[in-house]
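Heads up: the structure comes next, in structure tokens.
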Amino acid sequence: MPFGGKTYDAERDKDRLKTQLFNVWRLMKDGRWRTLEQISVKVGCPEASVSARLRDFRKRQFGSHTVEREYVTRGLFKYRLIPNEEH
């Protein structure tokens with residue numbers, strides 16, 4: 001997995017991030033709308049991590065998938081993943 005960043009340490013972070021990515025993918029690939037909280041509860045990781053994994057899916061190295069965001073109310077958004085058919 002091509003994770004990276006200034007604070008990324010492969011020995012410490014790779015397995016955790018890979019598991020988060022897989023769990024978020026498995027839940028979100030159905031294309032249903034969910035809030036970060038709903039995703040977080042289902043996959044068992046913090047909302048900030050869910051948000052980061054959703055951003056990862058947009059990146060080329062993670063498949064260039066479409067992640068849509070829709071405003072709900074009072075700063076709350078919901079998200080859905082549209083898998084790229086090429087990957």
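Residues are named by chain letter and number: chains run A, B, ... in the order of the structure tokens, numbers start at 1 in each chain, and ligands are numbered from 1 in the order shown.
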
Write out as a PyMOL selection string the set of residues from chain A that DSSP, computed on the backbone, places in strand (DSSP E).
chain A and resi 34-35+66-73+76-82

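Of the listed residues A:Leu81, A:Val24, A:Ala10, A:Val72, the one whose atoms come nearest to A:Pro46 is A:Val24, with distances taken using only C-alpha atoms.
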
Which residue out of A:Lys6, A:Arg34, A:Arg26, A:Lys18 has the minimum interatomic distance to A:Tyr71 when only C-alpha atoms are used?
A:Arg34

Students should find that atom CA of A:Glu37 and atom CA of A:Phe22 are spaced 17.4 Å

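When only C-alpha atoms are used to compute distances to A:Leu21, the closest of the residues A:Val67, A:Leu76, A:Ile82, A:Leu54 turns out to be A:Leu54.
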
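You will find atom CA of A:Trp33 at 23.7 Å from atom CA of A:Gln61.
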
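Distances from A:Arg32, A:Arg80, A:Lys14, A:Arg53 to A:Thr66 were compared using only C-alpha atoms, and the smallest one belongs to A:Arg80.
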
Pick out the closest residue to A:Pro83 from this set: A:Ser49, A:Ser64, A:Asn23, A:Gln38. Count only C-alpha atoms.
A:Ser64

Distance query A:Glu47 at most 9 Å, only C-alpha atoms, self and fewer than 5 positions along chain excluded, as a PyMOL selection string:
chain A and resi 36-41+52

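Here atom CA of A:Glu68 stands at a distance of 9.7 Å from atom CA of A:Gly31.
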
Within 9 Å of A:His65, counting only C-alpha atoms, which residues show up once you throw out same-chain ones fewer than 2 positions away? Write them as a PyMOL selection string, please.
chain A and resi 56-60+62-63+67+81-85+87

Counting only C-alpha atoms, the residue among A:Gly5, A:Trp25, A:Glu11, A:Thr35 that lies closest to A:Glu70 is A:Thr35

What are the DSSP helix (DSSP H, G or I) residues of chain A, as a ChimeraX atom specification?
/A:10-28,36-43,47-58,60-62
